[in-house]
$ cat entry_26.cif   # mmCIF, C-alpha atoms and all ligand atoms
data_final
#
loop_
_atom_site.label_atom_id
_atom_site.label_comp_id
_atom_site.auth_asym_id
_atom_site.auth_seq_id
_atom_site.Cartn_x
_atom_site.Cartn_y
_atom_site.Cartn_z
CA MET H 107 -7.24 -11.65 19.46
CA GLU H 108 -7.31 -7.86 19.12
CA LEU H 109 -3.76 -6.75 18.42
CA ILE H 110 -4.67 -3.06 18.06
CA LYS H 111 -7.26 -1.59 20.37
CA ALA H 112 -7.83 2.12 20.91
CA THR H 113 -10.71 3.65 22.79
CA ASN H 114 -11.91 7.23 22.73
CA LEU H 115 -8.66 8.66 21.36
CA GLN H 116 -8.38 12.40 21.37
CA LYS H 117 -5.59 14.75 20.29
CA LYS H 118 -5.70 18.53 20.29
CA PHE H 119 -3.28 20.96 18.71
CA GLY H 120 -4.10 24.24 20.46
CA ALA H 121 -7.79 24.86 19.81
CA LEU H 122 -7.96 22.28 17.00
CA VAL H 123 -9.31 18.86 17.93
CA ALA H 124 -7.41 16.83 15.32
CA VAL H 125 -8.67 13.45 16.57
CA ASP H 126 -11.95 13.42 18.44
CA GLY H 127 -13.14 10.31 20.25
CA VAL H 128 -11.87 7.63 17.85
CA ASP H 129 -12.31 3.92 18.63
CA ILE H 130 -10.33 1.37 16.64
CA SER H 131 -9.84 -2.35 16.94
CA VAL H 132 -7.98 -4.65 14.60
CA SER H 133 -7.53 -8.38 15.21
CA GLY H 134 -4.71 -10.61 14.09
CA GLY H 135 -5.40 -11.70 10.51
CA GLN H 136 -7.18 -8.46 9.60
CA ILE H 137 -6.26 -5.61 7.28
CA PHE H 138 -7.85 -2.35 8.37
CA GLY H 139 -7.94 0.59 5.94
CA PHE H 140 -8.16 4.09 7.37
CA LEU H 141 -9.63 6.61 4.97
CA GLY H 142 -10.53 10.28 5.10
CA PRO H 143 -9.99 13.66 3.46
CA ASN H 144 -6.70 15.58 3.77
CA GLY H 145 -6.29 16.89 7.31
CA ALA H 146 -8.96 14.56 8.74
CA GLY H 147 -6.66 13.12 11.44
CA LYS H 148 -5.29 9.88 9.95
CA THR H 149 -1.58 10.55 10.47
CA THR H 150 -2.24 11.96 13.94
CA THR H 151 -4.09 8.74 14.82
CA ILE H 152 -1.22 6.58 13.50
CA LYS H 153 1.28 8.65 15.48
CA MET H 154 -0.69 7.95 18.66
CA LEU H 155 -1.08 4.25 17.87
CA THR H 156 2.68 3.94 17.27
CA GLY H 157 3.74 5.83 20.40
CA VAL H 158 5.08 8.91 18.59
CA LEU H 159 2.41 11.21 20.09
CA SER H 160 0.64 10.79 23.43
CA PRO H 161 -3.12 11.07 23.26
CA ASP H 162 -4.77 13.77 25.38
CA LEU H 163 -7.56 11.34 26.20
CA GLY H 164 -8.32 7.68 25.63
CA SER H 165 -6.44 4.42 25.87
CA ILE H 166 -4.32 2.33 23.52
CA GLU H 167 -3.44 -1.34 23.74
CA ILE H 168 -1.12 -2.95 21.22
CA ILE H 169 -0.70 -6.74 21.51
CA GLY H 170 -2.53 -6.35 24.82
CA LEU H 171 0.08 -3.94 26.26
CA ASN H 172 0.13 -0.19 26.82
CA TYR H 173 2.87 2.32 26.02
CA LYS H 174 3.17 3.57 29.61
CA SER H 175 4.31 0.22 31.03
CA ASN H 176 5.59 -1.71 27.99
CA GLU H 177 6.83 0.71 25.37
CA ILE H 178 9.91 -1.32 24.36
CA GLU H 179 8.00 -4.60 24.15
CA ILE H 180 5.40 -2.96 21.91
CA LYS H 181 8.03 -1.36 19.69
CA LYS H 182 9.76 -4.72 19.20
CA ASN H 183 6.53 -6.12 17.83
CA ILE H 184 5.33 -3.32 15.57
CA GLY H 185 6.52 -2.10 12.21
CA VAL H 186 5.88 1.47 11.10
CA VAL H 187 6.11 2.96 7.61
CA PRO H 188 5.61 6.71 8.13
CA ASP H 189 4.14 9.04 5.50
CA GLU H 190 7.53 10.72 4.89
CA PRO H 191 10.43 8.28 4.60
CA PRO H 192 13.19 9.47 6.96
CA VAL H 193 16.49 10.35 5.35
CA PHE H 194 19.68 8.62 6.41
CA LYS H 195 21.71 10.36 3.77
CA HIS H 196 25.14 9.01 4.54
CA LEU H 197 24.21 5.34 4.61
CA LYS H 198 23.91 2.95 1.73
CA GLY H 199 20.58 1.13 1.53
CA LYS H 200 22.24 -2.10 2.57
CA GLU H 201 23.88 -0.48 5.59
CA PHE H 202 20.54 0.97 6.66
CA LEU H 203 18.97 -2.50 6.56
CA GLN H 204 21.89 -3.98 8.55
CA PHE H 205 21.53 -1.18 11.09
CA ILE H 206 17.79 -1.78 11.53
CA ALA H 207 18.26 -5.56 11.74
CA SER H 208 20.90 -5.14 14.45
CA ILE H 209 18.73 -2.75 16.49
CA TYR H 210 15.89 -5.26 16.45
CA GLY H 211 18.22 -8.22 17.00
CA CYS H 212 16.93 -10.03 13.95
CA VAL H 213 20.02 -10.15 11.74
CA ALA H 214 20.01 -13.83 10.85
CA GLU H 215 16.34 -14.33 9.99
CA SER H 216 16.13 -10.96 8.24
CA PHE H 217 18.77 -11.80 5.72
CA ASN H 218 16.93 -14.61 4.03
CA ARG H 219 13.87 -12.45 3.89
CA ILE H 220 15.77 -9.46 2.46
CA ALA H 221 16.84 -11.54 -0.52
CA GLU H 222 13.23 -12.51 -1.26
CA LEU H 223 11.94 -8.97 -0.75
CA VAL H 224 14.67 -7.50 -2.94
CA GLU H 225 13.55 -9.77 -5.73
CA LEU H 226 9.86 -9.14 -5.11
CA PHE H 227 10.26 -5.34 -5.17
CA GLN H 228 12.88 -5.42 -7.93
CA ILE H 229 15.37 -3.49 -5.82
CA ASN H 230 18.78 -2.93 -7.36
CA PHE H 231 20.01 0.10 -5.45
CA LEU H 232 21.10 -1.22 -2.04
CA GLU H 233 24.77 -0.46 -2.81
CA ASP H 234 23.97 3.23 -3.45
CA TYR H 235 23.78 6.03 -0.90
CA ILE H 236 20.27 6.85 0.31
CA GLU H 237 21.02 10.50 -0.43
CA ASN H 238 20.79 9.73 -4.14
CA TYR H 239 17.51 7.78 -3.98
CA SER H 240 14.29 8.98 -5.55
CA HIS H 241 11.23 9.33 -3.31
CA GLY H 242 9.89 5.95 -4.42
CA MET H 243 13.25 4.25 -3.82
CA ARG H 244 13.31 5.61 -0.23
CA GLN H 245 9.75 4.46 0.27
CA LYS H 246 10.65 0.95 -0.93
CA LEU H 247 13.65 0.82 1.39
CA MET H 248 11.45 1.79 4.36
CA VAL H 249 8.87 -0.83 3.40
CA LEU H 250 11.61 -3.44 3.09
CA SER H 251 13.17 -2.50 6.46
CA VAL H 252 9.81 -3.11 8.11
CA LEU H 253 8.72 -6.21 6.19
CA MET H 254 12.05 -7.98 6.72
CA ARG H 255 11.29 -8.08 10.48
CA LYS H 256 7.88 -9.59 9.90
CA PRO H 257 6.25 -7.66 12.75
CA LYS H 258 3.04 -8.86 14.40
CA VAL H 259 1.44 -5.46 13.93
CA LEU H 260 2.03 -3.16 10.97
CA PHE H 261 1.18 0.50 10.61
CA LEU H 262 1.62 2.06 7.19
CA ASP H 263 0.77 5.69 6.41
CA GLU H 264 0.02 5.98 2.68
CA PRO H 265 2.52 3.25 1.83
CA THR H 266 1.72 3.13 -1.86
CA THR H 267 2.34 6.85 -2.45
CA GLY H 268 5.38 7.02 -4.67
CA LEU H 269 5.40 3.30 -5.46
CA ASP H 270 5.06 2.26 -9.08
CA PRO H 271 2.09 0.01 -9.96
CA TYR H 272 4.17 -3.16 -9.90
CA SER H 273 5.59 -2.40 -6.44
CA ALA H 274 2.20 -1.30 -5.10
CA ARG H 275 0.79 -4.65 -6.20
CA ALA H 276 3.70 -6.53 -4.62
CA LEU H 277 3.06 -4.67 -1.37
CA LYS H 278 -0.65 -5.49 -1.49
CA LEU H 279 0.08 -9.19 -1.94
CA ILE H 280 2.65 -9.34 0.81
CA LEU H 281 0.38 -7.52 3.27
CA GLN H 282 -2.31 -10.08 2.50
CA ARG H 283 0.15 -12.88 3.15
CA PHE H 284 1.22 -11.36 6.48
CA ALA H 285 -2.43 -11.07 7.48
CA GLN H 286 -3.05 -14.71 6.55
CA GLU H 287 -0.16 -15.60 8.82
CA GLY H 288 -1.77 -13.72 11.73
CA SER H 289 -0.47 -10.12 11.64
CA ALA H 290 -2.76 -7.14 12.15
CA ILE H 291 -2.33 -4.43 9.52
CA PHE H 292 -3.46 -0.82 9.80
CA PHE H 293 -2.89 1.44 6.83
CA THR H 294 -4.07 4.74 5.43
CA THR H 295 -4.63 5.40 1.77
CA HIS H 296 -6.36 7.79 -0.59
CA ILE H 297 -6.51 5.11 -3.26
CA LEU H 298 -9.98 3.73 -2.77
CA GLU H 299 -9.49 0.92 -5.25
CA ILE H 300 -6.67 -0.48 -3.11
CA ALA H 301 -8.73 -0.05 0.06
CA GLU H 302 -11.71 -1.82 -1.46
CA LYS H 303 -9.66 -4.72 -2.77
CA VAL H 304 -7.29 -5.29 0.13
CA CYS H 305 -9.05 -4.39 3.37
CA ASP H 306 -11.21 -6.62 5.52
CA ARG H 307 -12.50 -3.59 7.39
CA LEU H 308 -12.46 0.13 6.78
CA GLY H 309 -12.78 3.22 8.91
CA LEU H 310 -13.64 6.66 7.58
CA ILE H 311 -12.52 9.72 9.53
CA VAL H 312 -13.81 13.23 8.85
CA ASP H 313 -12.76 16.28 10.90
CA GLY H 314 -11.26 14.03 13.58
CA LYS H 315 -14.38 11.90 14.03
CA LEU H 316 -14.86 8.33 12.88
CA VAL H 317 -18.02 8.61 10.79
CA ALA H 318 -18.25 5.00 9.59
CA THR H 319 -16.53 1.72 10.19
CA GLY H 320 -17.02 -1.86 9.03
CA ASN H 321 -16.72 -4.02 5.95
CA MET H 322 -17.95 -2.83 2.54
CA ASP H 323 -21.51 -4.04 3.16
CA GLU H 324 -21.68 -2.31 6.52
CA LEU H 325 -20.31 0.92 5.02
CA ARG H 326 -22.92 0.74 2.25
CA GLN H 327 -25.64 0.45 4.88
CA GLN H 328 -24.22 3.35 6.89
CA ALA H 329 -24.07 5.53 3.76
CA GLY H 330 -27.42 4.33 2.43
CA SER H 331 -25.69 3.60 -0.86
CA SER H 332 -25.38 0.63 -3.14
CA GLY H 333 -22.32 1.98 -4.92
CA ASP H 334 -18.59 1.47 -4.78
CA LEU H 335 -16.23 2.87 -2.17
CA GLU H 336 -15.77 6.14 -4.07
CA GLU H 337 -19.50 6.81 -3.92
CA ILE H 338 -19.68 5.84 -0.26
CA PHE H 339 -16.66 8.02 0.53
CA LEU H 340 -18.14 11.06 -1.21
CA GLN H 341 -21.47 10.53 0.45
CA LEU H 342 -20.11 10.11 3.96
CA THR H 343 -17.66 13.01 3.65
CA GLY H 344 -20.48 15.28 2.57
CA ALA H 345 -19.13 16.00 -0.90
CA ASP H 346 -20.96 14.48 -3.83
CA GLU H 347 -20.58 14.53 -7.57
CA LYS H 348 -23.37 17.07 -8.01
CA GLN H 349 -21.64 19.51 -5.68
CA ILE H 350 -18.37 19.17 -7.63
CA MET H 351 -20.20 19.72 -10.93
CA ALA H 352 -22.02 22.79 -9.53
CA LEU H 353 -18.72 24.29 -8.37
CA LEU H 354 -17.14 23.58 -11.76
CA GLU H 355 -20.01 25.44 -13.45
CA GLU H 356 -19.12 28.54 -11.45
CA LEU H 357 -15.46 28.54 -12.52
N1 LIG Y 1 2.07 19.05 14.91
C1 LIG Y 1 0.94 19.67 14.59
N2 LIG Y 1 0.67 20.91 15.04
C2 LIG Y 1 -0.48 21.54 14.73
N3 LIG Y 1 -1.46 21.00 13.97
C3 LIG Y 1 -1.25 19.77 13.49
C4 LIG Y 1 -0.04 19.03 13.76
N4 LIG Y 1 -0.13 17.83 13.15
C5 LIG Y 1 -1.31 17.82 12.52
N5 LIG Y 1 -1.98 18.95 12.71
C6 LIG Y 1 -3.33 19.27 12.22
O1 LIG Y 1 -4.19 18.21 12.59
C7 LIG Y 1 -5.11 17.93 11.56
C8 LIG Y 1 -5.01 16.47 11.14
O2 LIG Y 1 -3.78 16.27 10.48
P1 LIG Y 1 -3.31 14.84 9.98
O3 LIG Y 1 -1.90 14.98 9.52
O4 LIG Y 1 -3.59 13.85 11.03
O5 LIG Y 1 -4.29 14.61 8.75
P2 LIG Y 1 -4.36 13.40 7.68
O6 LIG Y 1 -5.73 12.81 7.78
O7 LIG Y 1 -3.20 12.51 7.87
O8 LIG Y 1 -4.26 14.18 6.29
P3 LIG Y 1 -3.57 13.74 4.87
O9 LIG Y 1 -4.58 12.90 4.15
O10 LIG Y 1 -3.38 15.05 4.17
O11 LIG Y 1 -2.28 13.05 5.18
C9 LIG Y 1 -4.83 18.93 10.43
O12 LIG Y 1 -5.70 20.03 10.57
C10 LIG Y 1 -3.39 19.36 10.72
O13 LIG Y 1 -3.14 20.67 10.28
MG MG Y 2 -1.56 11.99 6.68
#
$ encode --input "entry_26.cif" --output "structure tokens" --more "lines below"
Ligand SMILES: Nc1ncnc2c1ncn2[C@@H]1O[C@H](COP(=O)(O)OP(=O)(O)OP(=O)(O)O)[C@@H](O)[C@H]1O
Ligand SMILES: [Mg+2]
Amino acid sequence: MELIKATNLQKKFGALVAVDGVDISVSGGQIFGFLGPNGAGKTTTIKMLTGVLSPDLGSIEIIGLNYKSNEIEIKKNIGVVPDEPPVFKHLKGKEFLQFIASIYGCVAESFNRIAELVELFQINFLEDYIENYSHGMRQKLMVLSVLMRKPKVLFLDEPTTGLDPYSARALKLILQRFAQEGSAIFFTTHILEIAEKVCDRLGLIVDGKLVATGNMDELRQQAGSSGDLEEIFLQLTGADEKQIMALLEEL
């Protein structure tokens, strides 16, 4: 079943069309990687898919429901890790997790999972105030607060930014396990190696438009390339190695 389905999404900021006619569908069990240059429209798309921004055009169904009639039901079932971890300065990490678990009414089942996740992510700072966390520590806390609920649908905006290699690997493995257990996962990343290894399907957005979508083989066909994801990405975004070298020559 398609747990994320968006058709013809559009979002304008003044004259700028930040997202321009994007179609996305992700089924339960799938990990979808959303790639594209800085400013291409990835975060804007995630904000629409998670109900933070309303699209100007197009329709969104999450777990078969739409935000206009079933916003609360959708929000109970999704987990969102935004690109900037929000700051709850005056809470300790542990208090933040208790707060989130109580909002979602999942206190009991979360607590077993927190213990496992704490061990997996080697977290030893839950007794400290969030104010004193590093960027990566905040990111881990956000990831943990979402994973502990085991949502059916997960949206993560550059989740590995700020995570150390061990934690990034732990996150990759746990996302794969969630997918195996039926969740749909939508995440953005600039790290093509992670995208290539982890995702079942990929979408590439450039200037608000989805220019390619599919598995690695399908992307290769669309790019007319036999290379890795980096080569495909450069080809489909219109910037290739030769262009970079030519510009370097001029410096
Ligand atoms: N609130 C806003 N007001 C005006 N313009 C915005 C707003 N949010 C985003 N934009 C513009 O929309 C475009 C897409 O931005 P978006 O944040 O979606 O890009 P992105 O693909 O997530 O980029 P990055 O890889 O750098 O995170 C950019 O040109 C950005 O300046
Ligand atoms: Mg972004």
$ residues_near_ligand --input "entry_26.cif" --ligand "ligand MG 2 (chain Y)" --cutoff "8 Å" --atoms "all atoms listed in the file" --output "JSON, numbers by chain"
{"H": [144, 145, 147, 148, 149, 150, 189, 263, 264, 294]}
$ residues_near_ligand --input "entry_26.cif" --ligand "ligand LIG 1 (chain Y)" --cutoff "10 Å" --atoms "all atoms listed in the file" --output "mmCIF file with C-alpha atoms, in the frame of the given file"
data_model
loop_
_atom_site.group_PDB
_atom_site.id
_atom_site.type_symbol
_atom_site.label_atom_id
_atom_site.label_comp_id
_atom_site.auth_asym_id
_atom_site.auth_seq_id
_atom_site.Cartn_x
_atom_site.Cartn_y
_atom_site.Cartn_z
ATOM 1 C CA LYS H 117 -5.590 14.750 20.290
ATOM 2 C CA LYS H 118 -5.700 18.530 20.290
ATOM 3 C CA PHE H 119 -3.280 20.960 18.710
ATOM 4 C CA GLY H 120 -4.100 24.240 20.460
ATOM 5 C CA ALA H 121 -7.790 24.860 19.810
ATOM 6 C CA LEU H 122 -7.960 22.280 17.000
ATOM 7 C CA VAL H 123 -9.310 18.860 17.930
ATOM 8 C CA ALA H 124 -7.410 16.830 15.320
ATOM 9 C CA VAL H 125 -8.670 13.450 16.570
ATOM 10 C CA PHE H 140 -8.160 4.090 7.370
ATOM 11 C CA LEU H 141 -9.630 6.610 4.970
ATOM 12 C CA GLY H 142 -10.530 10.280 5.100
ATOM 13 C CA PRO H 143 -9.990 13.660 3.460
ATOM 14 C CA ASN H 144 -6.700 15.580 3.770
ATOM 15 C CA GLY H 145 -6.290 16.890 7.310
ATOM 16 C CA ALA H 146 -8.960 14.560 8.740
ATOM 17 C CA GLY H 147 -6.660 13.120 11.440
ATOM 18 C CA LYS H 148 -5.290 9.880 9.950
ATOM 19 C CA THR H 149 -1.580 10.550 10.470
ATOM 20 C CA THR H 150 -2.240 11.960 13.940
ATOM 21 C CA THR H 151 -4.090 8.740 14.820
ATOM 22 C CA ILE H 152 -1.220 6.580 13.500
ATOM 23 C CA LYS H 153 1.280 8.650 15.480
ATOM 24 C CA LEU H 159 2.410 11.210 20.090
ATOM 25 C CA ASP H 189 4.140 9.040 5.500
ATOM 26 C CA ASP H 263 0.770 5.690 6.410
ATOM 27 C CA GLU H 264 0.020 5.980 2.680
ATOM 28 C CA THR H 294 -4.070 4.740 5.430
ATOM 29 C CA THR H 295 -4.630 5.400 1.770
ATOM 30 C CA HIS H 296 -6.360 7.790 -0.590
ATOM 31 C CA ILE H 311 -12.520 9.720 9.530
ATOM 32 C CA VAL H 312 -13.810 13.230 8.850
ATOM 33 C CA ASP H 313 -12.760 16.280 10.900
ATOM 34 C CA GLY H 314 -11.260 14.030 13.580
#
$ atom_distance --input "entry_26.cif" --atom1 "atom CA of Leu109 of chain H" --atom2 "atom CA of Met254 of chain H"
19.7 Å
$ residues_around --input "entry_26.cif" --residues "Glu299 of chain H" --least-positions-apart "5" --cutoff "9 Å" --atoms "all atoms listed in the file" --output "PyMOL selection string"
chain H and resi 304+335-336
$ write_last_selection --input "entry_26.cif" --atoms "C-alpha atoms" --output "short mmCIF file (atom, residue, chain, number, x, y, z; two decimals), in the coordinates of the input"
data_model
loop_
_atom_site.label_atom_id
_atom_site.label_comp_id
_atom_site.auth_asym_id
_atom_site.auth_seq_id
_atom_site.Cartn_x
_atom_site.Cartn_y
_atom_site.Cartn_z
CA VAL H 304 -7.29 -5.29 0.13
CA LEU H 335 -16.23 2.87 -2.17
CA GLU H 336 -15.77 6.14 -4.07
#
$ residues_around --input "entry_26.cif" --residues "Leu325 of chain H" --least-positions-apart "3" --cutoff "10 Å" --atoms "only C-alpha atoms" --output "PyMOL selection string"
chain H and resi 307-310+317-322+328-332+334-335+338-339+342
$ closest_residue --input "entry_26.cif" --among "H:Lys315, H:Arg244, H:Arg283, H:Lys278" --to "Ile300 of chain H" --atoms "only C-alpha atoms"
H:Lys278
$ closest_residue --input "entry_26.cif" --among "H:Thr343, H:Gln282, H:Gln327, H:Thr156" --to "Asp306 of chain H" --atoms "all atoms listed in the file"
H:Gln282
$ residues_around --input "entry_26.cif" --residues "segment 249-252 of chain H" --least-positions-apart "5" --cutoff "8 Å" --atoms "all atoms listed in the file" --output "ChimeraX atom specification"
/H:185-187,203,206-207,220,223-224,257,265
$ closest_residue --input "entry_26.cif" --among "H:Leu163, H:Val158, H:Cys212, H:Leu197" --to "Gln116 of chain H" --atoms "all atoms listed in the file"
H:Leu163
$ decode --input "entry_26.cif" --residues "segment 209-233 of chain H" --atoms "C-alpha atoms" --output "short mmCIF file (atom, residue, chain, number, x, y, z; two decimals), in the first residue's frame"
data_model
loop_
_atom_site.label_atom_id
_atom_site.label_comp_id
_atom_site.auth_asym_id
_atom_site.auth_seq_id
_atom_site.Cartn_x
_atom_site.Cartn_y
_atom_site.Cartn_z
CA ILE H 209 1.94 13.78 23.85
CA TYR H 210 1.75 10.73 21.60
CA GLY H 211 0.33 8.53 24.35
CA CYS H 212 3.04 5.94 23.92
CA VAL H 213 4.82 6.11 27.27
CA ALA H 214 4.89 2.42 28.13
CA GLU H 215 6.03 0.96 24.81
CA SER H 216 8.47 3.81 24.21
CA PHE H 217 10.45 3.12 27.32
CA ASN H 218 11.69 -0.30 26.34
CA ARG H 219 12.62 1.06 22.98
CA ILE H 220 14.44 4.08 24.45
CA ALA H 221 16.77 1.78 26.35
CA GLU H 222 17.67 -0.10 23.16
CA LEU H 223 18.08 3.09 21.13
CA VAL H 224 20.22 4.70 23.82
CA GLU H 225 22.56 1.76 23.61
CA LEU H 226 22.50 1.65 19.82
CA PHE H 227 23.33 5.36 19.47
CA GLN H 228 25.71 5.36 22.44
CA ILE H 229 23.80 8.16 24.15
CA ASN H 230 25.05 9.17 27.58
CA PHE H 231 23.70 12.70 27.88
CA LEU H 232 19.99 12.32 28.67
CA GLU H 233 20.50 13.72 32.19
#
